[in-house]
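Dumped entry.pdb below, it's PDB, C-alpha atoms:
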```pdb
ATOM      1  CA  MET A  87    -197.134-131.247  14.226
ATOM      2  CA  ARG A  88    -199.940-133.395  15.474
ATOM      3  CA  ILE A  89    -199.158-136.206  13.096
ATOM      4  CA  LYS A  90    -195.559-136.342  14.267
ATOM      5  CA  SER A  91    -196.467-136.764  17.874
ATOM      6  CA  ASN A  92    -198.344-139.930  16.914
ATOM      7  CA  LYS A  93    -195.060-141.719  16.281
ATOM      8  CA  PRO A  94    -193.945-144.162  18.961
ATOM      9  CA  ALA A  95    -191.746-142.655  21.592
ATOM     10  CA  VAL A  96    -189.230-145.506  21.400
ATOM     11  CA  ALA A  97    -186.367-144.699  19.114
ATOM     12  CA  GLU A  98    -186.096-147.392  16.434
ATOM     13  CA  ILE A  99    -182.562-148.611  16.051
ATOM     14  CA  ASP A 100    -181.517-149.979  12.714
ATOM     15  CA  MET A 101    -180.929-153.659  13.447
ATOM     16  CA  THR A 102    -179.776-154.786  10.044
ATOM     17  CA  PRO A 103    -175.997-154.267  10.374
ATOM     18  CA  MET A 104    -175.945-155.874  13.801
ATOM     19  CA  ILE A 105    -177.820-158.921  12.604
ATOM     20  CA  ASP A 106    -175.473-159.144   9.639
ATOM     21  CA  ILE A 107    -172.480-159.237  11.948
ATOM     22  CA  VAL A 108    -174.085-161.682  14.348
ATOM     23  CA  PHE A 109    -174.926-164.070  11.530
ATOM     24  CA  GLN A 110    -171.382-163.780  10.303
ATOM     25  CA  LEU A 111    -170.135-164.731  13.751
ATOM     26  CA  ILE A 112    -172.523-167.669  13.978
ATOM     27  CA  ALA A 113    -171.460-168.925  10.598
ATOM     28  CA  PHE A 114    -167.819-168.575  11.623
ATOM     29  CA  PHE A 115    -168.240-170.525  14.850
ATOM     30  CA  MET A 116    -170.333-173.185  13.141
ATOM     31  CA  VAL A 117    -167.680-173.754  10.550
ATOM     32  CA  ILE A 118    -164.858-173.807  13.046
ATOM     33  CA  THR A 119    -166.595-176.029  15.596
ATOM     34  CA  ASN A 120    -165.303-179.518  15.334
ATOM     35  CA  PHE A 121    -168.010-182.022  16.065
ATOM     36  CA  GLU A 122    -165.862-184.861  14.851
ATOM     37  CA  GLN A 123    -165.427-187.401  17.579
ATOM     38  CA  ILE A 124    -161.706-187.588  17.967
ATOM     39  CA  GLN A 125    -160.491-190.121  20.437
ATOM     40  CA  ALA A 126    -158.273-187.652  22.157
ATOM     41  CA  ASP A 127    -158.045-187.196  25.868
ATOM     42  CA  GLU A 128    -157.312-183.682  27.011
ATOM     43  CA  ARG A 129    -155.364-184.965  30.003
ATOM     44  CA  VAL A 130    -152.549-185.990  27.705
ATOM     45  CA  LYS A 131    -150.049-183.214  27.115
ATOM     46  CA  LEU A 132    -148.545-184.220  23.806
ATOM     47  CA  PRO A 133    -145.006-183.286  22.938
ATOM     48  CA  SER A 134    -144.801-180.968  19.963
ATOM     49  CA  ASP A 135    -142.719-181.241  16.860
ATOM     50  CA  SER A 136    -142.519-179.266  13.675
ATOM     51  CA  LEU A 137    -142.505-182.405  11.534
ATOM     52  CA  ALA A 138    -145.812-183.612  12.883
ATOM     53  CA  LYS A 139    -148.096-183.233   9.913
ATOM     54  CA  PRO A 140    -151.599-184.633   9.851
ATOM     55  CA  PRO A 141    -151.680-187.774   7.740
ATOM     56  CA  VAL A 142    -152.806-187.294   4.172
ATOM     57  CA  VAL A 143    -154.683-190.573   4.063
ATOM     58  CA  LYS A 144    -156.537-191.424   7.204
ATOM     59  CA  ALA A 145    -156.856-195.075   8.055
ATOM     60  CA  ALA A 146    -160.431-196.279   8.216
ATOM     61  CA  ASP A 147    -159.857-198.013  11.487
ATOM     62  CA  GLU A 148    -157.293-197.211  14.065
ATOM     63  CA  LEU A 149    -156.790-197.922  17.712
ATOM     64  CA  VAL A 150    -155.994-194.709  19.519
ATOM     65  CA  LEU A 151    -154.499-194.994  22.972
ATOM     66  CA  ASN A 152    -154.117-192.055  25.299
ATOM     67  CA  ILE A 153    -151.269-192.471  27.731
ATOM     68  CA  GLY A 154    -150.980-189.805  30.357
ATOM     69  CA  PHE A 155    -150.878-188.875  33.982
ATOM     70  CA  LYS A 156    -153.448-187.907  36.512
ATOM     71  CA  ARG A 157    -152.791-184.287  37.194
ATOM     72  CA  THR A 158    -153.829-181.835  39.816
ATOM     73  CA  PRO A 159    -155.748-178.762  38.618
ATOM     74  CA  GLU A 160    -152.448-176.878  38.732
ATOM     75  CA  GLY A 161    -150.995-179.241  36.176
ATOM     76  CA  GLU A 162    -148.683-181.096  38.518
ATOM     77  CA  LEU A 163    -148.548-184.848  38.474
ATOM     78  CA  ALA A 164    -150.858-186.291  41.093
ATOM     79  CA  ASP A 165    -149.496-189.776  40.566
ATOM     80  CA  PRO A 166    -146.132-190.755  39.058
ATOM     81  CA  GLU A 167    -147.722-193.810  37.440
ATOM     82  CA  ALA A 168    -148.786-193.432  33.809
ATOM     83  CA  TYR A 169    -152.278-194.570  32.893
ATOM     84  CA  ILE A 170    -154.033-195.410  29.684
ATOM     85  CA  PHE A 171    -157.310-193.551  29.467
ATOM     86  CA  TYR A 172    -159.428-196.151  27.740
ATOM     87  CA  ASN A 173    -163.213-195.894  27.485
ATOM     88  CA  GLY A 174    -163.458-194.002  30.730
ATOM     89  CA  GLU A 175    -161.204-196.417  32.587
ATOM     90  CA  ASP A 176    -157.739-195.610  33.848
ATOM     91  CA  ILE A 177    -155.535-198.627  33.317
ATOM     92  CA  PRO A 178    -151.882-198.793  34.314
ATOM     93  CA  VAL A 179    -149.689-199.268  31.243
ATOM     94  CA  LEU A 180    -148.436-202.715  32.149
ATOM     95  CA  LYS A 181    -151.943-204.056  32.743
ATOM     96  CA  PHE A 182    -153.205-203.257  29.286
ATOM     97  CA  GLY A 183    -152.425-206.655  27.751
ATOM     98  CA  PRO A 184    -155.943-208.132  28.170
ATOM     99  CA  LYS A 185    -157.459-205.054  26.558
ATOM    100  CA  PHE A 186    -155.229-205.502  23.536
ATOM    101  CA  GLU A 187    -156.396-209.088  23.236
ATOM    102  CA  GLN A 188    -159.971-207.913  23.495
ATOM    103  CA  GLU A 189    -159.429-205.290  20.796
ATOM    104  CA  ALA A 190    -157.721-207.833  18.570
ATOM    105  CA  ARG A 191    -160.686-210.185  18.991
ATOM    106  CA  ILE A 192    -163.101-207.408  18.065
ATOM    107  CA  TYR A 193    -161.136-206.625  14.926
ATOM    108  CA  LYS A 194    -161.036-210.295  13.995
ATOM    109  CA  GLN A 195    -164.803-210.527  14.416
ATOM    110  CA  LYS A 196    -165.084-207.634  12.007
ATOM    111  CA  ASN A 197    -162.937-209.634   9.585
ATOM    112  CA  GLN A 198    -160.038-207.305  10.004
ATOM    113  CA  ASP A 199    -156.521-208.384  10.610
ATOM    114  CA  PRO A 200    -155.075-206.642  13.671
ATOM    115  CA  LYS A 201    -151.848-206.497  11.679
ATOM    116  CA  GLU A 202    -153.433-203.927   9.402
ATOM    117  CA  VAL A 203    -154.887-201.769  12.159
ATOM    118  CA  PRO A 204    -152.513-199.011  13.177
ATOM    119  CA  VAL A 205    -152.120-198.397  16.880
ATOM    120  CA  ILE A 206    -151.838-194.664  17.436
ATOM    121  CA  LEU A 207    -150.054-193.773  20.633
ATOM    122  CA  ARG A 208    -150.902-190.402  22.086
ATOM    123  CA  ALA A 209    -148.469-190.255  24.928
ATOM    124  CA  ASP A 210    -147.762-187.484  27.370
ATOM    125  CA  ALA A 211    -144.372-185.818  26.981
ATOM    126  CA  LEU A 212    -143.334-187.023  30.428
ATOM    127  CA  VAL A 213    -144.165-190.700  29.992
ATOM    128  CA  LYS A 214    -141.143-192.951  30.255
ATOM    129  CA  THR A 215    -139.928-194.258  26.930
ATOM    130  CA  GLY A 216    -139.592-197.716  28.424
ATOM    131  CA  GLN A 217    -143.286-197.797  29.216
ATOM    132  CA  ILE A 218    -144.152-196.896  25.647
ATOM    133  CA  GLN A 219    -141.968-199.764  24.516
ATOM    134  CA  ASP A 220    -143.599-202.095  27.020
ATOM    135  CA  LEU A 221    -146.947-201.075  25.616
ATOM    136  CA  ILE A 222    -145.775-201.719  22.067
ATOM    137  CA  LYS A 223    -144.564-205.106  23.183
ATOM    138  CA  LEU A 224    -147.930-205.927  24.729
ATOM    139  CA  ALA A 225    -149.640-204.845  21.526
ATOM    140  CA  GLN A 226    -147.361-207.052  19.483
ATOM    141  CA  GLU A 227    -148.252-210.021  21.636
ATOM    142  CA  SER A 228    -151.864-209.489  20.576
ATOM    143  CA  GLY A 229    -150.947-209.258  16.913
ATOM    144  CA  PHE A 230    -150.752-205.539  16.244
ATOM    145  CA  THR A 231    -147.825-204.520  14.105
ATOM    146  CA  LYS A 232    -148.384-200.987  12.905
ATOM    147  CA  PHE A 233    -147.568-198.207  15.291
ATOM    148  CA  ALA A 234    -147.523-194.459  15.097
ATOM    149  CA  PHE A 235    -146.701-191.721  17.550
ATOM    150  CA  LYS A 236    -148.778-188.607  17.748
ATOM    151  CA  ALA A 237    -147.277-185.220  18.306
ATOM    152  CA  MET A 238    -148.675-181.755  18.324
ATOM    153  CA  GLN A 239    -147.819-179.639  15.372
ATOM    154  CA  LYS A 240    -145.574-176.907  16.605
ATOM    155  CA  THR A 241    -147.029-173.487  16.039
ATOM    156  CA  GLN A 242    -144.334-170.972  15.388
TER     157      GLN A 242
ATOM    158  CA  MET B 121    -209.445-150.642   7.177
ATOM    159  CA  LYS B 122    -209.208-147.537   5.203
ATOM    160  CA  LEU B 123    -207.975-145.648   8.150
ATOM    161  CA  ARG B 124    -205.088-148.021   8.707
ATOM    162  CA  SER B 125    -203.841-148.125   5.183
ATOM    163  CA  SER B 126    -204.046-144.390   4.883
ATOM    164  CA  GLY B 127    -201.236-143.870   7.386
ATOM    165  CA  ARG B 128    -197.866-143.238   5.770
ATOM    166  CA  GLU B 129    -195.922-145.262   8.378
ATOM    167  CA  ALA B 130    -197.955-148.420   7.846
ATOM    168  CA  GLU B 131    -196.559-148.927   4.355
ATOM    169  CA  LYS B 132    -193.398-150.408   5.799
ATOM    170  CA  ILE B 133    -194.011-153.730   7.540
ATOM    171  CA  GLU B 134    -191.937-154.011  10.684
ATOM    172  CA  PRO B 135    -191.113-157.637  11.458
ATOM    173  CA  GLN B 136    -190.695-158.634  15.067
ATOM    174  CA  MET B 137    -186.953-158.576  15.509
ATOM    175  CA  ALA B 138    -186.613-159.182  19.213
ATOM    176  CA  PRO B 139    -187.271-162.972  19.335
ATOM    177  CA  MET B 140    -185.049-163.596  16.365
ATOM    178  CA  ILE B 141    -182.213-161.674  17.917
ATOM    179  CA  ASP B 142    -182.725-163.614  21.145
ATOM    180  CA  VAL B 143    -182.388-166.914  19.350
ATOM    181  CA  VAL B 144    -179.480-165.729  17.282
ATOM    182  CA  PHE B 145    -177.594-164.635  20.363
ATOM    183  CA  GLN B 146    -178.326-167.970  21.989
ATOM    184  CA  LEU B 147    -176.855-169.738  18.994
ATOM    185  CA  LEU B 148    -173.865-167.469  18.982
ATOM    186  CA  ILE B 149    -173.137-168.131  22.630
ATOM    187  CA  PHE B 150    -173.630-171.875  22.155
ATOM    188  CA  PHE B 151    -171.117-172.063  19.354
ATOM    189  CA  MET B 152    -168.680-169.849  21.223
ATOM    190  CA  LEU B 153    -168.809-172.114  24.256
ATOM    191  CA  THR B 154    -168.596-175.389  22.383
ATOM    192  CA  LEU B 155    -165.615-174.151  20.463
ATOM    193  CA  ASN B 156    -162.507-175.889  21.632
ATOM    194  CA  ILE B 157    -159.355-175.122  19.831
ATOM    195  CA  VAL B 158    -157.673-178.386  18.940
ATOM    196  CA  GLU B 159    -154.167-178.021  17.735
ATOM    197  CA  PRO B 160    -153.473-180.106  14.695
ATOM    198  CA  GLU B 161    -151.706-183.341  15.437
ATOM    199  CA  GLY B 162    -149.440-185.396  13.291
ATOM    200  CA  ASP B 163    -148.205-188.938  13.119
ATOM    201  CA  PHE B 164    -144.825-190.585  13.149
ATOM    202  CA  ASN B 165    -144.844-194.094  11.851
ATOM    203  CA  ILE B 166    -142.748-196.581  13.698
ATOM    204  CA  ASN B 167    -141.502-199.773  12.211
ATOM    205  CA  MET B 168    -141.826-202.467  14.842
ATOM    206  CA  PRO B 169    -141.893-205.888  13.253
ATOM    207  CA  ILE B 170    -142.618-208.806  15.548
ATOM    208  CA  THR B 171    -139.282-210.456  15.907
ATOM    209  CA  ASP B 172    -137.536-211.650  18.947
ATOM    210  CA  SER B 173    -134.571-209.457  19.482
ATOM    211  CA  ALA B 174    -132.692-212.534  20.636
ATOM    212  CA  GLU B 175    -132.459-214.003  17.159
ATOM    213  CA  PRO B 176    -131.071-211.713  14.501
ATOM    214  CA  SER B 177    -132.685-211.794  11.100
ATOM    215  CA  ASP B 178    -131.054-214.084   8.583
ATOM    216  CA  GLU B 179    -131.132-211.872   5.546
ATOM    217  CA  PRO B 180    -127.959-209.886   5.316
ATOM    218  CA  LYS B 181    -128.311-206.164   5.426
ATOM    219  CA  ILE B 182    -126.651-203.907   2.934
ATOM    220  CA  PHE B 183    -126.328-201.167   5.459
ATOM    221  CA  PRO B 184    -125.892-201.645   9.145
ATOM    222  CA  ASP B 185    -128.504-199.982  11.318
ATOM    223  CA  ILE B 186    -127.784-196.449  12.343
ATOM    224  CA  LYS B 187    -127.737-196.667  16.087
ATOM    225  CA  VAL B 188    -128.981-193.764  18.137
ATOM    226  CA  ARG B 189    -128.476-194.100  21.844
ATOM    227  CA  LEU B 190    -130.319-191.870  24.284
ATOM    228  CA  VAL B 191    -128.983-191.782  27.806
ATOM    229  CA  ALA B 192    -131.237-190.381  30.486
ATOM    230  CA  ASN B 193    -130.588-188.590  33.729
ATOM    231  CA  GLU B 194    -132.130-189.821  36.934
ATOM    232  CA  ASP B 195    -135.137-187.520  36.508
ATOM    233  CA  GLY B 196    -135.851-188.627  32.959
ATOM    234  CA  SER B 197    -134.286-185.726  31.108
ATOM    235  CA  LEU B 198    -131.741-186.284  28.384
ATOM    236  CA  ASN B 199    -128.164-186.779  29.499
ATOM    237  CA  THR B 200    -126.360-187.709  26.315
ATOM    238  CA  LEU B 201    -127.242-188.540  22.773
ATOM    239  CA  ARG B 202    -124.899-190.831  20.928
ATOM    240  CA  LEU B 203    -124.958-191.607  17.246
ATOM    241  CA  GLY B 204    -122.956-194.789  16.815
ATOM    242  CA  GLN B 205    -119.806-193.973  18.737
ATOM    243  CA  VAL B 206    -120.078-190.219  18.339
ATOM    244  CA  ASP B 207    -121.166-188.289  21.363
ATOM    245  CA  LEU B 208    -123.459-185.427  20.461
ATOM    246  CA  GLY B 209    -123.971-184.133  23.997
ATOM    247  CA  ASN B 210    -127.296-182.912  25.309
ATOM    248  CA  GLY B 211    -127.546-179.201  24.509
ATOM    249  CA  ALA B 212    -130.493-177.436  22.989
ATOM    250  CA  ASN B 213    -129.232-178.124  19.494
ATOM    251  CA  VAL B 214    -128.471-181.778  19.953
ATOM    252  CA  PHE B 215    -131.395-182.901  17.828
ATOM    253  CA  ALA B 216    -130.495-180.431  15.100
ATOM    254  CA  GLY B 217    -127.022-181.945  15.281
ATOM    255  CA  LEU B 218    -128.429-185.445  14.977
ATOM    256  CA  ASN B 219    -130.463-184.298  12.003
ATOM    257  CA  HIS B 220    -127.312-182.942  10.406
ATOM    258  CA  GLU B 221    -125.344-186.132  11.055
ATOM    259  CA  ILE B 222    -128.103-188.258   9.549
ATOM    260  CA  LEU B 223    -128.018-186.072   6.469
ATOM    261  CA  LYS B 224    -124.269-186.653   6.236
ATOM    262  CA  ILE B 225    -124.803-190.400   6.432
ATOM    263  CA  ILE B 226    -127.454-190.584   3.756
ATOM    264  CA  GLY B 227    -125.665-188.147   1.452
ATOM    265  CA  LYS B 228    -128.648-186.329   0.091
ATOM    266  CA  PRO B 229    -132.327-186.416   0.908
ATOM    267  CA  GLY B 230    -134.349-188.811  -1.187
ATOM    268  CA  ASN B 231    -131.280-190.917  -1.901
ATOM    269  CA  PRO B 232    -132.509-194.375  -2.967
ATOM    270  CA  ILE B 233    -130.266-196.016  -0.407
ATOM    271  CA  THR B 234    -132.392-194.577   2.384
ATOM    272  CA  LYS B 235    -135.010-197.206   1.573
ATOM    273  CA  ASP B 236    -132.642-199.875   2.858
ATOM    274  CA  MET B 237    -131.475-197.920   5.828
ATOM    275  CA  GLU B 238    -132.864-198.241   9.267
ATOM    276  CA  VAL B 239    -132.427-196.261  12.425
ATOM    277  CA  GLU B 240    -132.425-198.117  15.675
ATOM    278  CA  ILE B 241    -133.175-196.025  18.700
ATOM    279  CA  GLU B 242    -131.979-197.356  21.972
ATOM    280  CA  SER B 243    -133.103-195.434  24.972
ATOM    281  CA  ASP B 244    -132.959-195.619  28.709
ATOM    282  CA  TYR B 245    -136.143-196.902  30.312
ATOM    283  CA  ASN B 246    -136.893-193.759  32.273
ATOM    284  CA  LEU B 247    -136.201-191.245  29.510
ATOM    285  CA  HIS B 248    -139.113-188.924  28.912
ATOM    286  CA  TYR B 249    -141.018-189.739  25.777
ATOM    287  CA  GLU B 250    -140.654-186.249  24.316
ATOM    288  CA  TYR B 251    -136.927-186.790  23.764
ATOM    289  CA  THR B 252    -137.557-190.069  22.023
ATOM    290  CA  LEU B 253    -140.052-188.379  19.791
ATOM    291  CA  LYS B 254    -137.589-185.616  18.989
ATOM    292  CA  ALA B 255    -134.979-188.210  18.086
ATOM    293  CA  VAL B 256    -137.498-189.965  15.837
ATOM    294  CA  SER B 257    -138.314-186.651  14.236
ATOM    295  CA  ALA B 258    -134.660-185.762  13.709
ATOM    296  CA  CYS B 259    -134.083-189.070  11.908
ATOM    297  CA  THR B 260    -137.244-188.799   9.832
ATOM    298  CA  GLY B 261    -136.326-185.592   8.112
ATOM    299  CA  ARG B 262    -136.659-181.878   8.311
ATOM    300  CA  LEU B 263    -138.862-179.122   7.030
ATOM    301  CA  ASP B 264    -137.882-177.334   3.871
ATOM    302  CA  SER B 265    -137.157-173.635   3.921
ATOM    303  CA  SER B 266    -140.772-172.702   3.318
ATOM    304  CA  GLY B 267    -141.741-174.780   6.344
ATOM    305  CA  LYS B 268    -144.524-176.522   4.467
ATOM    306  CA  HIS B 269    -143.029-179.705   3.096
ATOM    307  CA  ILE B 270    -141.070-182.408   4.810
ATOM    308  CA  ILE B 271    -137.788-183.489   3.349
ATOM    309  CA  ARG B 272    -137.599-187.154   4.235
ATOM    310  CA  TYR B 273    -134.362-188.673   5.412
ATOM    311  CA  ILE B 274    -134.953-192.149   6.763
ATOM    312  CA  GLU B 275    -138.414-193.594   7.018
ATOM    313  CA  LYS B 276    -137.668-196.794   8.841
ATOM    314  CA  ILE B 277    -137.293-196.366  12.536
ATOM    315  CA  LYS B 278    -137.297-199.086  15.089
ATOM    316  CA  PHE B 279    -136.592-199.450  18.741
ATOM    317  CA  ALA B 280    -134.147-201.564  20.599
ATOM    318  CA  PRO B 281    -135.322-202.927  23.935
ATOM    319  CA  PRO B 282    -135.003-200.283  26.635
ATOM    320  CA  VAL B 283    -131.945-200.202  28.809
ATOM    321  CA  GLY B 284    -132.518-200.768  32.496
ATOM    322  CA  GLY B 285    -135.801-200.662  34.352
ATOM    323  CA  ASN B 286    -138.438-203.329  34.644
ATOM    324  CA  THR B 287    -139.939-204.808  31.524
ATOM    325  CA  ALA B 288    -143.460-205.868  30.752
ATOM    326  CA  GLY B 289    -144.552-209.013  32.431
ATOM    327  CA  SER B 290    -146.519-211.090  29.995
TER     328      SER B 290
END
```
Let me see whether you can do it: turn the structure in this file into structure tokens.
Amino acid sequence: MRIKSNKPAVAEIDMTPMIDIVFQLIAFFMVITNFEQIQADERVKLPSDSLAKPPVVKAADELVLNIGFKRTPEGELADPEAYIFYNGEDIPVLKFGPKFEQEARIYKQKNQDPKEVPVILRADALVKTGQIQDLIKLAQESGFTKFAFKAMQKTQ
Amino acid sequence: MKLRSSGREAEKIEPQMAPMIDVVFQLLIFFMLTLNIVEPEGDFNINMPITDSAEPSDEPKIFPDIKVRLVANEDGSLNTLRLGQVDLGNGANVFAGLNHEILKIIGKPGNPITKDMEVEIESDYNLHYEYTLKAVSACTGRLDSSGKHIIRYIEKIKFAPPVGGNTAGS
């Protein structure tokens, strides 16, 4: 009886199963966390389409442009004008021409032909089609020829 | 020394669990917070060669372009979709209808003639981009019954200059 009373008063809980589960969770979140720097702007609400499949072969270099609206926290448009969110700047669509020239120059300095660099347009569902076409036209004036639209894969 | 080792309880070495669990929980919370669910995104390739629309290309085409016309309402929503001269309306199934009509034109998916065919999408300036994208998608193909593979219809899609509205000042 005396020997038993020597035991610590704190009840020892078996930690092993809990630690197992916690490690499982950590491993799960580590695997699922995407540290890849994607040039996506969360302000752009992409349209969705069931045919939008991620490309099998990813181009080494691509120019991703986010075209969207400034929105209020409630999700309403704060400004009817569409902007390109480019390196932290908000540039109206029609004023993007100089940036295209700049990008084209950078690609040429890297010995790349702008013709071969795809321009990926991530446009908000509510952007006017005409503005997208204006943007494509501006890009063409700087020598870009490959274009692709991004859409969210529809989850059904 | 002897006294210590003589105790029955001392045989089992108890590692200090508390700091490890602290750190592990920290890690867990960090990964939970940094997790942002990104929905997978896909691409649609657009064929936009640099040509002035004013001068038509010299090489004769075997097939005339399939013309898809998207007419917008004042607020940017879709008013009417026309394929050539056929009016397909603007209901919920209009893009499924367009998909069906394209299939009728090309005969069967993967038909070699689709390599020479082109779809020209002509849209109103103020039409919302999502409708244009749906039209592009409807011309590109459809999913097979399993929903995993794309059955390609026409790969080449181009745009006619937008109708109405101001254009880019160069």
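Atom CA of Lys236 of chain A is positioned 6.5 Å from atom CA of Glu161 of chain B.
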- Spatial neighbours of Glu221 of chain B, max dist 10 Å, all atoms listed in the file, sep filter under 6 positions, as a VMD selection string: chain B and resid 203 206 208 215 227 258 to 259
- Return the neighbours of chain A among the residues of chain B, cut-off 8 Å, counting all atoms listed in the file, as a ChimeraX atom specification. /B:141,144-145,147-148,151-152,154-156,159-170,196,243-250,252-254,257,261-263,270,279,281-282,285,287-290
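A straight line drawn from atom CA of Ser265 of chain B to atom CA of Pro229 of chain B is 14.0 Å long.
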- Take the point (-135.5, -183.1, 27.6) as written in the file and pick out every residue within 6 Å of it, counting all atoms listed in the file; give the list as a count of residues only. 3
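With atom CA of Pro184 of chain A on one side and atom CA of Val150 of chain A on the other, the separation reads 16.0 Å.
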- Counting all atoms listed in the file, write as a PyMOL selection string all protein and nucleic acid residues lying at most 10 Å from (-155.0, -198.2, 34.3) in the file's frame. chain A and resi 153+167-172+175-182
Keeping only C-alpha atoms, take the residues you just selected and write them out as a PDB file, in the coordinates of the input.
```
ATOM      1  CA  ILE A 153    -151.269-192.471  27.731  1.00  0.00           C
ATOM      2  CA  GLU A 167    -147.722-193.810  37.440  1.00  0.00           C
ATOM      3  CA  ALA A 168    -148.786-193.432  33.809  1.00  0.00           C
ATOM      4  CA  TYR A 169    -152.278-194.570  32.893  1.00  0.00           C
ATOM      5  CA  ILE A 170    -154.033-195.410  29.684  1.00  0.00           C
ATOM      6  CA  PHE A 171    -157.310-193.551  29.467  1.00  0.00           C
ATOM      7  CA  TYR A 172    -159.428-196.151  27.740  1.00  0.00           C
ATOM      8  CA  GLU A 175    -161.204-196.417  32.587  1.00  0.00           C
ATOM      9  CA  ASP A 176    -157.739-195.610  33.848  1.00  0.00           C
ATOM     10  CA  ILE A 177    -155.535-198.627  33.317  1.00  0.00           C
ATOM     11  CA  PRO A 178    -151.882-198.793  34.314  1.00  0.00           C
ATOM     12  CA  VAL A 179    -149.689-199.268  31.243  1.00  0.00           C
ATOM     13  CA  LEU A 180    -148.436-202.715  32.149  1.00  0.00           C
ATOM     14  CA  LYS A 181    -151.943-204.056  32.743  1.00  0.00           C
ATOM     15  CA  PHE A 182    -153.205-203.257  29.286  1.00  0.00           C
TER      16      PHE A 182
END
```
